[in-house]
>>> print(open('entry-v8.txt').read())   # compact mmCIF, C-alpha atoms
# COMPACT_ATOMS: atom_id res chain seq x y z
CA MET S 1 110.60 -31.76 7.37
CA SER S 2 107.03 -32.58 6.20
CA GLN S 3 106.45 -35.66 4.09
CA GLU S 4 106.05 -35.21 0.36
CA VAL S 5 102.65 -36.43 -0.81
CA SER S 6 100.65 -36.26 -4.02
CA THR S 7 96.87 -35.96 -4.11
CA GLY S 8 96.59 -35.87 -7.89
CA TYR S 9 95.09 -32.37 -7.75
CA THR S 10 96.00 -29.92 -10.52
CA PRO S 11 94.52 -26.46 -9.82
CA ARG S 12 92.99 -24.35 -12.55
CA LYS S 13 94.45 -20.91 -13.19
CA HIS S 14 91.96 -19.14 -10.95
CA GLN S 15 92.31 -21.76 -8.24
CA MET S 16 96.10 -21.43 -8.29
CA TRP S 17 95.79 -17.67 -7.92
CA LEU S 18 93.48 -18.11 -4.95
CA HIS S 19 95.75 -20.60 -3.21
CA LYS S 20 98.47 -17.94 -3.25
CA ALA S 21 96.21 -15.01 -2.39
CA LEU S 22 94.47 -16.37 0.71
CA LYS S 23 94.99 -14.75 4.10
CA ARG S 24 93.82 -15.86 7.53
CA PHE S 25 90.11 -15.03 6.98
CA ASN S 26 88.76 -15.34 3.46
CA VAL S 27 85.39 -14.77 1.79
CA LEU S 28 85.16 -16.35 -1.66
CA VAL S 29 82.01 -15.69 -3.69
CA CYS S 30 82.23 -18.13 -6.58
CA HIS S 31 79.93 -19.05 -9.44
CA ARG S 32 78.61 -22.55 -10.00
CA ARG S 33 81.13 -25.04 -11.39
CA PHE S 34 84.07 -22.95 -10.21
CA GLY S 35 85.44 -26.00 -8.41
CA LYS S 36 85.16 -24.55 -4.92
CA THR S 37 84.80 -27.90 -3.11
CA VAL S 38 87.85 -29.41 -4.79
CA PHE S 39 89.76 -26.17 -4.22
CA SER S 40 88.92 -25.88 -0.54
CA LEU S 41 89.56 -29.54 0.33
CA ASN S 42 92.96 -29.51 -1.37
CA HIS S 43 93.86 -26.23 0.28
CA THR S 44 93.02 -27.83 3.62
CA LEU S 45 95.16 -30.87 2.82
CA HIS S 46 98.09 -28.69 1.75
CA ARG S 47 97.94 -26.52 4.88
CA GLY S 48 97.36 -29.49 7.17
CA ILE S 49 100.31 -31.59 6.03
CA ARG S 50 102.60 -28.57 6.43
CA CYS S 51 101.13 -27.26 9.67
CA PRO S 52 103.87 -26.81 12.32
CA ARG S 53 101.49 -27.44 15.24
CA HIS S 54 101.01 -30.81 16.92
CA ASN S 55 98.01 -32.88 15.81
CA PRO S 56 96.41 -30.21 13.61
CA GLN S 57 92.75 -30.66 12.81
CA TYR S 58 90.45 -29.08 10.26
CA ALA S 59 86.76 -29.02 9.48
CA TYR S 60 84.78 -28.71 6.29
CA VAL S 61 81.30 -27.50 7.29
CA ALA S 62 78.30 -27.71 4.95
CA PRO S 63 74.77 -26.48 5.74
CA THR S 64 73.78 -30.02 6.71
CA TYR S 65 75.68 -33.18 7.58
CA GLY S 66 73.99 -34.91 4.65
CA GLN S 67 75.22 -32.25 2.25
CA ALA S 68 78.75 -32.54 3.59
CA LYS S 69 78.67 -36.26 2.86
CA ARG S 70 77.10 -35.95 -0.60
CA VAL S 71 79.24 -33.06 -1.80
CA SER S 72 82.66 -33.69 -0.27
CA TRP S 73 83.18 -37.15 1.19
CA ASP S 74 84.05 -38.93 -2.06
CA TYR S 75 86.38 -36.08 -3.01
CA LEU S 76 88.17 -36.23 0.34
CA LYS S 77 88.65 -40.00 0.13
CA ASP S 78 89.86 -39.78 -3.45
CA TYR S 79 92.43 -37.07 -2.78
CA THR S 80 93.85 -38.87 0.27
CA LYS S 81 93.72 -42.52 -0.88
CA ASP S 82 97.37 -42.62 -2.03
CA ILE S 83 98.78 -41.04 1.13
CA ARG S 84 100.74 -43.67 3.05
CA GLY S 85 99.09 -44.76 6.29
CA VAL S 86 95.91 -42.71 5.84
CA LYS S 87 92.95 -43.88 7.91
CA THR S 88 89.40 -43.29 6.72
CA TYR S 89 86.47 -43.35 9.14
CA GLU S 90 83.32 -43.77 7.08
CA GLN S 91 80.86 -43.48 9.97
CA GLU S 92 82.39 -40.25 11.24
CA LEU S 93 83.26 -38.70 7.85
CA ARG S 94 86.80 -38.26 9.09
CA VAL S 95 90.26 -38.77 7.64
CA ASP S 96 93.46 -39.06 9.71
CA ILE S 97 96.78 -38.59 7.92
CA PRO S 98 99.86 -39.74 9.87
CA ARG S 99 103.00 -37.62 9.95
CA PRO S 100 105.75 -40.10 10.98
CA ASP S 101 108.44 -37.43 10.90
CA ARG S 102 106.51 -35.47 13.56
CA GLY S 103 104.98 -38.36 15.44
CA ASP S 104 101.45 -37.03 15.07
CA ARG S 105 98.57 -36.89 12.60
CA VAL S 106 96.47 -34.43 10.56
CA ARG S 107 92.70 -34.80 11.04
CA ILE S 108 90.10 -33.55 8.55
CA MET S 109 86.41 -33.78 9.50
CA LEU S 110 83.24 -33.20 7.51
CA LEU S 111 80.53 -31.60 9.65
CA GLY S 112 77.07 -30.09 9.29
CA ALA S 113 76.01 -26.64 10.44
CA ASP S 114 72.68 -28.21 11.41
CA ASN S 115 74.44 -29.80 14.39
CA PRO S 116 76.57 -27.04 15.92
CA ASP S 117 77.09 -29.09 19.10
CA ALA S 118 79.33 -31.41 17.07
CA ILE S 119 81.66 -28.43 16.55
CA ARG S 120 81.54 -26.84 20.00
CA GLY S 121 84.58 -27.62 22.12
CA LEU S 122 86.80 -28.56 19.18
CA TYR S 123 90.07 -26.81 18.47
CA LEU S 124 90.55 -26.03 14.81
CA ASP S 125 93.61 -25.02 12.83
CA GLY S 126 91.43 -24.21 9.86
CA VAL S 127 87.85 -24.40 8.67
CA VAL S 128 85.96 -24.22 5.40
CA ILE S 129 82.34 -23.07 5.67
CA ASP S 130 80.66 -24.02 2.42
CA GLU S 131 77.47 -22.23 1.34
CA TYR S 132 77.51 -20.05 4.45
CA ALA S 133 74.37 -18.28 3.19
CA GLN S 134 72.43 -21.48 3.95
CA CYS S 135 73.95 -21.94 7.42
CA ASP S 136 72.71 -20.53 10.70
CA PRO S 137 74.07 -16.95 10.99
CA GLY S 138 75.26 -17.68 14.54
CA LEU S 139 77.55 -20.50 13.38
CA TRP S 140 80.56 -18.25 12.86
CA GLY S 141 80.50 -16.00 15.91
CA GLU S 142 79.06 -18.43 18.44
CA VAL S 143 80.73 -21.68 17.42
CA VAL S 144 83.49 -21.58 14.81
CA ARG S 145 85.40 -18.37 15.59
CA PRO S 146 86.13 -19.35 19.22
CA ALA S 147 87.39 -22.77 18.03
CA LEU S 148 90.11 -21.02 16.00
CA SER S 149 91.44 -18.74 18.71
CA ASP S 150 94.00 -20.75 20.67
CA ARG S 151 95.61 -22.17 17.50
CA LEU S 152 95.27 -18.94 15.48
CA GLY S 153 93.39 -20.96 12.88
CA TRP S 154 92.24 -19.77 9.47
CA ALA S 155 88.81 -19.74 7.82
CA ILE S 156 87.39 -19.81 4.32
CA PHE S 157 83.78 -18.80 3.64
CA ILE S 158 82.86 -20.01 0.21
CA GLY S 159 79.62 -20.14 -1.76
CA THR S 160 77.20 -18.43 -4.11
CA PRO S 161 74.93 -15.54 -3.05
CA LYS S 162 71.49 -16.17 -1.60
CA GLY S 163 70.27 -12.60 -1.33
CA GLN S 164 71.53 -9.95 1.06
CA ASN S 165 71.91 -12.09 4.16
CA HIS S 166 74.76 -12.96 6.54
CA PHE S 167 76.99 -14.21 3.69
CA HIS S 168 76.58 -10.81 2.05
CA ARG S 169 77.28 -9.13 5.38
CA ILE S 170 80.55 -10.97 5.97
CA TYR S 171 81.59 -10.27 2.37
CA SER S 172 80.84 -6.57 2.89
CA ASN S 173 82.58 -6.51 6.26
CA ALA S 174 85.66 -8.14 4.74
CA GLY S 175 85.79 -5.24 2.27
CA LYS S 176 85.69 -2.74 5.15
CA TYR S 177 88.44 -4.57 7.06
CA ILE S 178 90.65 -4.65 3.96
CA ALA S 179 90.01 -0.94 3.29
CA ASP S 180 91.04 -0.21 6.88
CA GLY S 181 94.33 -2.02 6.33
CA ASP S 182 93.58 -5.26 8.19
CA PRO S 183 96.16 -7.77 6.87
CA GLU S 184 94.18 -10.83 8.01
CA TRP S 185 91.28 -10.51 5.58
CA PHE S 186 90.83 -11.32 1.89
CA ARG S 187 87.77 -11.43 -0.35
CA THR S 188 87.01 -12.05 -4.01
CA LEU S 189 83.97 -12.37 -6.27
CA GLN S 190 84.35 -14.75 -9.20
CA ARG S 191 81.71 -14.36 -11.95
CA ALA S 192 81.31 -16.99 -14.66
CA SER S 193 81.43 -14.30 -17.35
CA GLU S 194 84.88 -13.31 -16.11
CA THR S 195 86.60 -16.59 -15.18
CA LYS S 196 85.74 -18.33 -18.50
CA ILE S 197 85.76 -21.68 -16.66
CA VAL S 198 82.31 -22.41 -18.06
CA SER S 199 82.17 -22.03 -21.84
CA LYS S 200 80.27 -19.14 -23.42
CA LYS S 201 77.99 -21.59 -25.22
CA GLU S 202 77.09 -23.34 -21.96
CA LEU S 203 76.40 -20.03 -20.22
CA GLU S 204 74.12 -18.98 -23.07
CA SER S 205 72.29 -22.30 -22.79
CA ALA S 206 71.92 -21.88 -19.02
CA ALA S 207 70.65 -18.31 -19.38
CA ALA S 208 68.06 -19.45 -21.92
CA THR S 209 66.59 -22.08 -19.60
CA MET S 210 66.83 -20.27 -16.24
CA SER S 211 65.06 -17.23 -14.90
CA GLU S 212 67.07 -14.02 -14.87
CA GLU S 213 67.18 -14.15 -11.06
CA GLU S 214 68.44 -17.74 -11.07
CA TYR S 215 71.13 -17.03 -13.63
CA ASP S 216 72.34 -13.83 -11.97
CA GLN S 217 72.51 -15.54 -8.59
CA GLU S 218 74.18 -18.78 -9.62
CA TYR S 219 76.53 -17.67 -12.40
CA GLU S 220 77.04 -13.92 -11.98
CA CYS S 221 77.17 -13.98 -8.16
CA SER S 222 74.54 -11.28 -7.74
CA PHE S 223 73.65 -10.47 -4.14
CA SER S 224 70.82 -8.18 -5.28
CA ALA S 225 68.86 -10.99 -6.94
CA ALA S 226 66.14 -12.25 -4.61
CA LEU S 227 66.77 -15.75 -3.29
CA VAL S 228 65.33 -18.27 -5.71
CA GLY S 229 62.41 -20.05 -4.04
CA ALA S 230 62.18 -17.46 -1.25
CA TYR S 231 58.69 -16.58 -0.09
CA TYR S 232 59.47 -12.98 0.83
CA GLY S 233 62.71 -12.29 -1.06
CA LYS S 234 61.34 -9.65 -3.42
CA ALA S 235 59.30 -7.96 -0.69
CA MET S 236 62.35 -7.74 1.61
CA GLU S 237 64.48 -6.44 -1.23
CA LYS S 238 61.81 -3.81 -1.88
CA ALA S 239 61.86 -2.88 1.81
CA ARG S 240 65.62 -2.40 1.58
CA LYS S 241 65.36 -0.26 -1.56
CA GLU S 242 62.64 1.86 0.04
CA LYS S 243 64.90 2.30 3.09
CA ARG S 244 62.38 0.61 5.40
CA ILE S 245 65.27 -1.45 6.81
CA THR S 246 66.89 1.28 8.83
CA ARG S 247 67.00 2.60 12.38
CA VAL S 248 63.54 2.30 13.96
CA PRO S 249 63.47 3.92 17.42
CA TYR S 250 61.26 2.72 20.25
CA ASP S 251 58.30 5.02 20.94
CA PRO S 252 57.50 4.89 24.69
CA ASN S 253 53.96 6.17 24.00
CA VAL S 254 53.01 3.06 22.02
CA PRO S 255 52.73 -0.45 23.53
CA VAL S 256 55.13 -3.14 22.37
CA HIS S 257 53.51 -6.45 21.43
CA THR S 258 55.48 -9.65 21.05
CA PHE S 259 54.88 -12.67 18.82
CA TRP S 260 56.52 -15.97 19.63
CA ASP S 261 57.48 -19.21 17.98
CA LEU S 262 58.15 -21.57 20.87
CA GLY S 263 60.78 -24.23 20.34
CA ILE S 264 61.22 -27.42 22.30
CA ASN S 265 64.16 -29.08 20.59
CA ASP S 266 64.40 -26.01 18.38
CA THR S 267 65.02 -22.31 18.91
CA THR S 268 62.49 -19.86 20.28
CA ALA S 269 62.04 -16.67 18.24
CA ILE S 270 60.33 -13.45 19.32
CA TRP S 271 59.40 -10.35 17.30
CA PHE S 272 58.77 -7.01 19.04
CA LEU S 273 56.17 -4.85 17.30
CA GLN S 274 54.78 -1.34 17.67
CA ILE S 275 51.88 -0.27 15.47
CA VAL S 276 52.04 3.42 14.62
CA GLY S 277 49.12 4.50 12.46
CA LYS S 278 49.13 2.06 9.56
CA GLU S 279 52.82 1.28 9.91
CA TYR S 280 54.26 -1.82 11.55
CA HIS S 281 57.47 -0.93 13.39
CA LEU S 282 59.59 -4.01 14.08
CA ILE S 283 61.83 -2.55 16.74
CA ASP S 284 63.48 -5.70 18.07
CA HIS S 285 63.94 -9.43 17.60
CA TYR S 286 65.34 -12.20 19.77
CA GLU S 287 66.18 -15.83 19.11
CA MET S 288 67.86 -18.42 21.30
CA SER S 289 67.91 -22.17 21.88
CA GLY S 290 68.51 -24.44 24.83
CA GLU S 291 66.86 -22.15 27.40
CA ASP S 292 63.74 -22.54 29.50
CA LEU S 293 60.86 -20.06 29.40
CA SER S 294 62.13 -18.07 32.38
CA HIS S 295 65.12 -17.02 30.27
CA TYR S 296 62.88 -15.36 27.68
CA VAL S 297 60.78 -13.63 30.34
CA LYS S 298 63.99 -12.25 31.84
CA ILE S 299 65.08 -10.98 28.41
CA LEU S 300 61.76 -9.14 28.02
CA GLN S 301 62.00 -7.66 31.50
CA GLU S 302 65.50 -6.34 30.83
CA LYS S 303 64.34 -4.36 27.81
CA PRO S 304 62.97 -0.84 28.41
CA TYR S 305 59.66 -1.51 26.68
CA VAL S 306 56.10 -1.06 27.94
CA TYR S 307 54.33 -4.19 26.76
CA GLY S 308 50.85 -4.78 25.46
CA GLU S 309 50.17 -8.46 24.89
CA HIS S 310 52.22 -11.49 24.02
CA THR S 311 50.87 -13.77 21.29
CA LEU S 312 51.75 -17.46 21.25
CA PRO S 313 51.14 -20.21 18.65
CA HIS S 314 48.26 -22.62 19.11
CA ASP S 315 50.40 -25.44 20.52
CA ALA S 316 51.46 -23.31 23.50
CA ALA S 317 48.10 -24.14 25.09
CA ALA S 318 48.70 -27.89 25.02
CA ARG S 319 49.40 -29.28 28.47
CA SER S 320 52.57 -31.26 28.91
CA LEU S 321 52.01 -34.87 29.92
CA ASP S 322 55.10 -34.45 32.08
CA THR S 323 54.10 -31.42 34.15
CA GLY S 324 50.38 -31.15 33.47
CA ARG S 325 50.85 -27.49 32.59
CA SER S 326 50.96 -25.70 29.27
CA ARG S 327 53.70 -23.34 28.22
CA GLN S 328 51.11 -20.59 28.16
CA GLU S 329 50.37 -21.27 31.84
CA THR S 330 54.08 -21.24 32.63
CA LEU S 331 54.53 -17.87 30.95
CA ARG S 332 51.47 -16.48 32.67
CA ASN S 333 52.83 -17.62 36.06
CA LEU S 334 56.06 -15.84 35.16
CA GLY S 335 54.11 -12.61 34.71
CA LEU S 336 53.28 -12.40 30.99
CA ARG S 337 49.81 -11.52 29.69
CA THR S 338 49.42 -13.96 26.83
CA ARG S 339 46.97 -14.83 24.07
CA ILE S 340 46.84 -17.91 21.88
CA LEU S 341 46.59 -17.73 18.11
CA PRO S 342 44.32 -20.45 16.69
CA ARG S 343 45.74 -23.06 14.37
CA ALA S 344 45.85 -21.90 10.76
CA LYS S 345 47.20 -23.22 7.49
CA VAL S 346 50.83 -22.31 6.83
CA GLU S 347 49.94 -20.97 3.37
CA ASP S 348 47.35 -18.64 4.92
CA GLY S 349 50.00 -17.28 7.25
CA ILE S 350 52.44 -16.80 4.38
CA ASN S 351 49.82 -14.84 2.43
CA ALA S 352 49.13 -12.73 5.53
CA VAL S 353 52.82 -11.87 5.76
CA ARG S 354 52.89 -10.85 2.10
CA LEU S 355 49.94 -8.52 2.72
CA ILE S 356 51.63 -6.62 5.56
CA LEU S 357 55.29 -6.51 4.48
CA SER S 358 54.79 -3.30 2.49
CA ARG S 359 53.76 -1.61 5.77
CA CYS S 360 56.70 -2.93 7.79
CA TRP S 361 59.72 -0.99 9.00
CA PHE S 362 62.61 -3.01 10.46
CA ASP S 363 65.32 -1.86 12.83
CA GLU S 364 68.41 -2.92 10.89
CA ALA S 365 70.60 -3.60 13.92
CA ARG S 366 68.24 -5.11 16.50
CA CYS S 367 66.30 -7.17 13.93
CA GLU S 368 69.29 -8.25 11.87
CA ARG S 369 68.88 -12.00 12.33
CA GLY S 370 65.12 -11.79 11.80
CA ILE S 371 65.56 -9.79 8.60
CA HIS S 372 67.96 -12.41 7.25
CA ALA S 373 65.50 -15.14 8.22
CA LEU S 374 62.60 -13.50 6.35
CA SER S 375 64.81 -12.97 3.30
CA SER S 376 65.99 -16.60 3.40
CA TYR S 377 62.72 -18.38 4.22
CA GLN S 378 62.12 -20.56 1.18
CA ARG S 379 60.21 -23.40 -0.35
CA LYS S 380 61.59 -26.90 -0.05
CA PHE S 381 63.30 -28.09 -3.22
CA ASP S 382 62.56 -31.54 -4.63
CA SER S 383 65.93 -32.52 -6.09
CA LYS S 384 64.50 -35.69 -7.64
CA ASN S 385 61.87 -33.88 -9.73
CA MET S 386 63.85 -30.60 -9.86
CA VAL S 387 60.93 -28.47 -8.66
CA PHE S 388 60.11 -26.40 -5.59
CA GLN S 389 57.50 -28.00 -3.36
CA ASN S 390 54.55 -26.08 -2.01
CA LYS S 391 55.82 -26.22 1.57
CA PRO S 392 58.59 -24.44 3.47
CA LEU S 393 62.09 -25.75 3.98
CA HIS S 394 62.74 -26.26 7.69
CA ASP S 395 66.12 -24.73 8.42
CA TRP S 396 67.68 -21.98 10.57
CA ALA S 397 65.31 -19.34 9.11
CA SER S 398 62.10 -21.21 9.97
CA ASN S 399 61.61 -20.15 13.59
CA SER S 400 61.77 -16.41 13.03
CA ALA S 401 59.69 -16.75 9.87
CA ASP S 402 57.08 -18.76 11.78
CA ALA S 403 56.93 -16.13 14.53
CA PHE S 404 56.40 -13.49 11.85
CA ARG S 405 53.55 -15.54 10.38
CA TYR S 406 51.89 -15.45 13.78
CA LEU S 407 52.44 -11.70 13.86
CA ALA S 408 50.76 -11.28 10.49
CA MET S 409 47.82 -13.49 11.46
CA GLY S 410 47.45 -11.88 14.88
CA THR S 411 47.41 -8.30 13.65
CA LYS S 412 45.38 -8.61 10.46
CA ASN S 413 42.44 -6.69 11.99
CA VAL S 414 44.52 -3.89 13.50
CA ASP S 415 44.00 -0.36 12.24
CA ASN S 416 45.67 1.77 14.91
CA GLY S 417 48.37 1.69 17.53
CA MET S 418 46.17 2.17 20.56
CA GLY S 419 45.47 -1.53 21.04
CA ILE S 420 46.56 -4.49 19.10
CA TYR S 421 43.31 -6.42 18.81
CA SER S 422 40.15 -5.10 17.24
CA ASP S 423 36.70 -6.39 18.19
CA LYS S 424 36.83 -8.74 15.20
CA ALA S 425 40.21 -10.22 16.05
CA LYS S 426 39.94 -14.00 16.07
CA LEU S 427 42.16 -14.84 19.00
CA LEU S 428 41.49 -17.21 21.84
CA PRO S 429 40.89 -15.68 25.28
CA ARG S 430 43.73 -15.00 27.65
CA GLN S 431 44.80 -17.85 29.89
CA ALA S 432 42.83 -16.60 32.88
CA ASP S 433 39.59 -16.80 30.85
CA MET S 434 40.00 -20.18 29.19
CA ASP S 435 39.71 -23.83 30.10
CA TYR S 436 41.76 -25.70 27.51
CA ASP S 437 40.92 -29.34 26.87
CA TYR S 438 44.17 -31.10 25.99
CA PHE S 439 42.46 -34.07 24.38
CA GLY S 440 39.76 -32.03 22.69
CA GLY S 441 42.15 -29.56 21.09
CA PHE S 442 40.68 -26.65 19.12
>>> encode(input="entry-v8.txt", output="structure tokens")
Amino acid sequence: MSQEVSTGYTPRKHQMWLHKALKRFNVLVCHRRFGKTVFSLNHTLHRGIRCPRHNPQYAYVAPTYGQAKRVSWDYLKDYTKDIRGVKTYEQELRVDIPRPDRGDRVRIMLLGADNPDAIRGLYLDGVVIDEYAQCDPGLWGEVVRPALSDRLGWAIFIGTPKGQNHFHRIYSNAGKYIADGDPEWFRTLQRASETKIVSKKELESAAATMSEEEYDQEYECSFSAALVGAYYGKAMEKARKEKRITRVPYDPNVPVHTFWDLGINDTTAIWFLQIVGKEYHLIDHYEMSGEDLSHYVKILQEKPYVYGEHTLPHDAAARSLDTGRSRQETLRNLGLRTRILPRAKVEDGINAVRLILSRCWFDEARCERGIHALSSYQRKFDSKNMVFQNKPLHDWASNSADAFRYLAMGTKNVDNGMGIYSDKAKLLPRQADMDYDYFGGF
């Protein structure tokens, strides 16, 4: 028999209903001040203490490790402080709760989606993914879902909308699974105007001081509102409304050009483009981390495309002090015909993207991650001064968004699909024609 413990938690009416309604996989779209962190941590504690398996362990995952600490660590310590024998590990953001009657312990860990390697290899009896819209889309399928398999663990996705990205997709998919009779899935959308948790007077005050988009997103859980602070949110939403995010077939009569953002400790992202008349057809997208350049060349070779040229960012020409060779040289030796895009200001690249997005068609399936990245690419928020800074936030969306900036800058002089570079295109020569001076730069 499990020990009887008290955390001091008293759920609100809507929280109590949710505790009873949850299934194995749950998608909870909740307005600000719903109490989702308190709810999810206490649900984890309740399930953990009563879990019949030996040494159960659970994870609360926030977009970053820092966020996990700021948002949840004090709550977790407070709700477990009166449990007999509890051990708190401040450096690891971990709590171990002994179960003397079973001779084991319950472990609850706070983790960040920005370090997926800290999650790989773990077994999990349950997981809470907070603000999944701000996490890497691959977190669930590549890292968390496999960790639940051998223990048949449960999952809660919880957060507010950030446009129509992967959080929206898993919410929509949950609806399809439920409609098909899948007993493992549950979803709910909790609007502030319906729960009455936040007073009417406070909501009116918030609406008066926030933009309509901000209010709809944060309090009314609107997925259609463009992400606040997003560079391309409205343009991507327009593309969706105009049905330019659809199926875009490959045309074998038109060359495919690729545009790369090369990661070292980061991911490498590649866009695949065909220019048909004045239209930009984004037929494919690829992103991966932890692989050498030969991996990406192999990926390109396995696709059925006839390639034109492959455009790389300016730093691809810099020679490594380790090998004495640049990444451009490595790719050329692997068989790719490459060009280097000169260094340019980030804001110039962002403006170039805005100029071409109305001409872009995206393959919804093959470019899914890239589409989410463009929709989510946003300005960095200064929480101290409560303003958006005039520079991008570096997160999971950055690499694909950067590669798309290079696409926009590299094709700005294109007016047909017969060849990607016009006579006025300001690109550096191909590797065979250039002698790059590492110390001289550009």
>>> closest_atom_pairs(input="entry-v8.txt", of="range 125-183 of chain S", to="range 23-47 of chain S", cutoff="7 Å", atoms="all atoms listed in the file", output="Markdown table")
| residue | atom | partner | partner_atom | distance |
| --- | --- | --- | --- | --- |
| S:Val128 | CA | S:Ser40 | CA | 6.8 |
| S:Trp154 | CA | S:Arg24 | CA | 4.6 |
| S:Ala155 | CA | S:Phe25 | CA | 5.0 |
| S:Ile156 | CA | S:Asn26 | CA | 4.8 |
| S:Phe157 | CA | S:Val27 | CA | 4.7 |
| S:Ile158 | CA | S:Leu28 | CA | 4.7 |
| S:Gly159 | CA | S:Val29 | CA | 5.4 |
| S:Thr160 | CA | S:Val29 | CA | 5.6 |
| S:Tyr171 | CA | S:Val27 | CA | 5.9 |
>>> residues_around(input="entry-v8.txt", residues="Asn165 in chain S", least_positions_apart="3", cutoff="7 Å", atoms="all atoms listed in the file", output="ChimeraX atom specification")
/S:133,168-169,372
>>> residues_near_point(input="entry-v8.txt", point="(69.3, -25.5, -15.3)", cutoff="12 Å", atoms="all atoms listed in the file", output="PyMOL selection string")
chain S and resi 32+202-212+214-215+218-219+386-387
>>> residues_around(input="entry-v8.txt", residues="Tyr280 in chain S", least_positions_apart="6", cutoff="10 Å", atoms="all atoms listed in the file", output="PyMOL selection string")
chain S and resi 273-274+356-362+411+416-417
>>> residues_around(input="entry-v8.txt", residues="Pro161 in chain S", least_positions_apart="3", cutoff="7 Å", atoms="only C-alpha atoms", output="list in words")
Ala133, Gln217, Cys221, Ser222 and Phe223 of chain S
>>> residues_around(input="entry-v8.txt", residues="Ala352 in chain S", least_positions_apart="5", cutoff="10 Å", atoms="only C-alpha atoms", output="list of chain:residue names")
S:Val346, S:Glu347, S:Leu357, S:Phe404, S:Arg405, S:Tyr406, S:Leu407, S:Ala408, S:Met409, S:Gly410, S:Thr411, S:Lys412
>>> closest_residue(input="entry-v8.txt", among="S:Gly290, S:Lys200, S:Asp78, S:Ser320", to="Asp117 in chain S", atoms="only C-alpha atoms")
S:Gly290
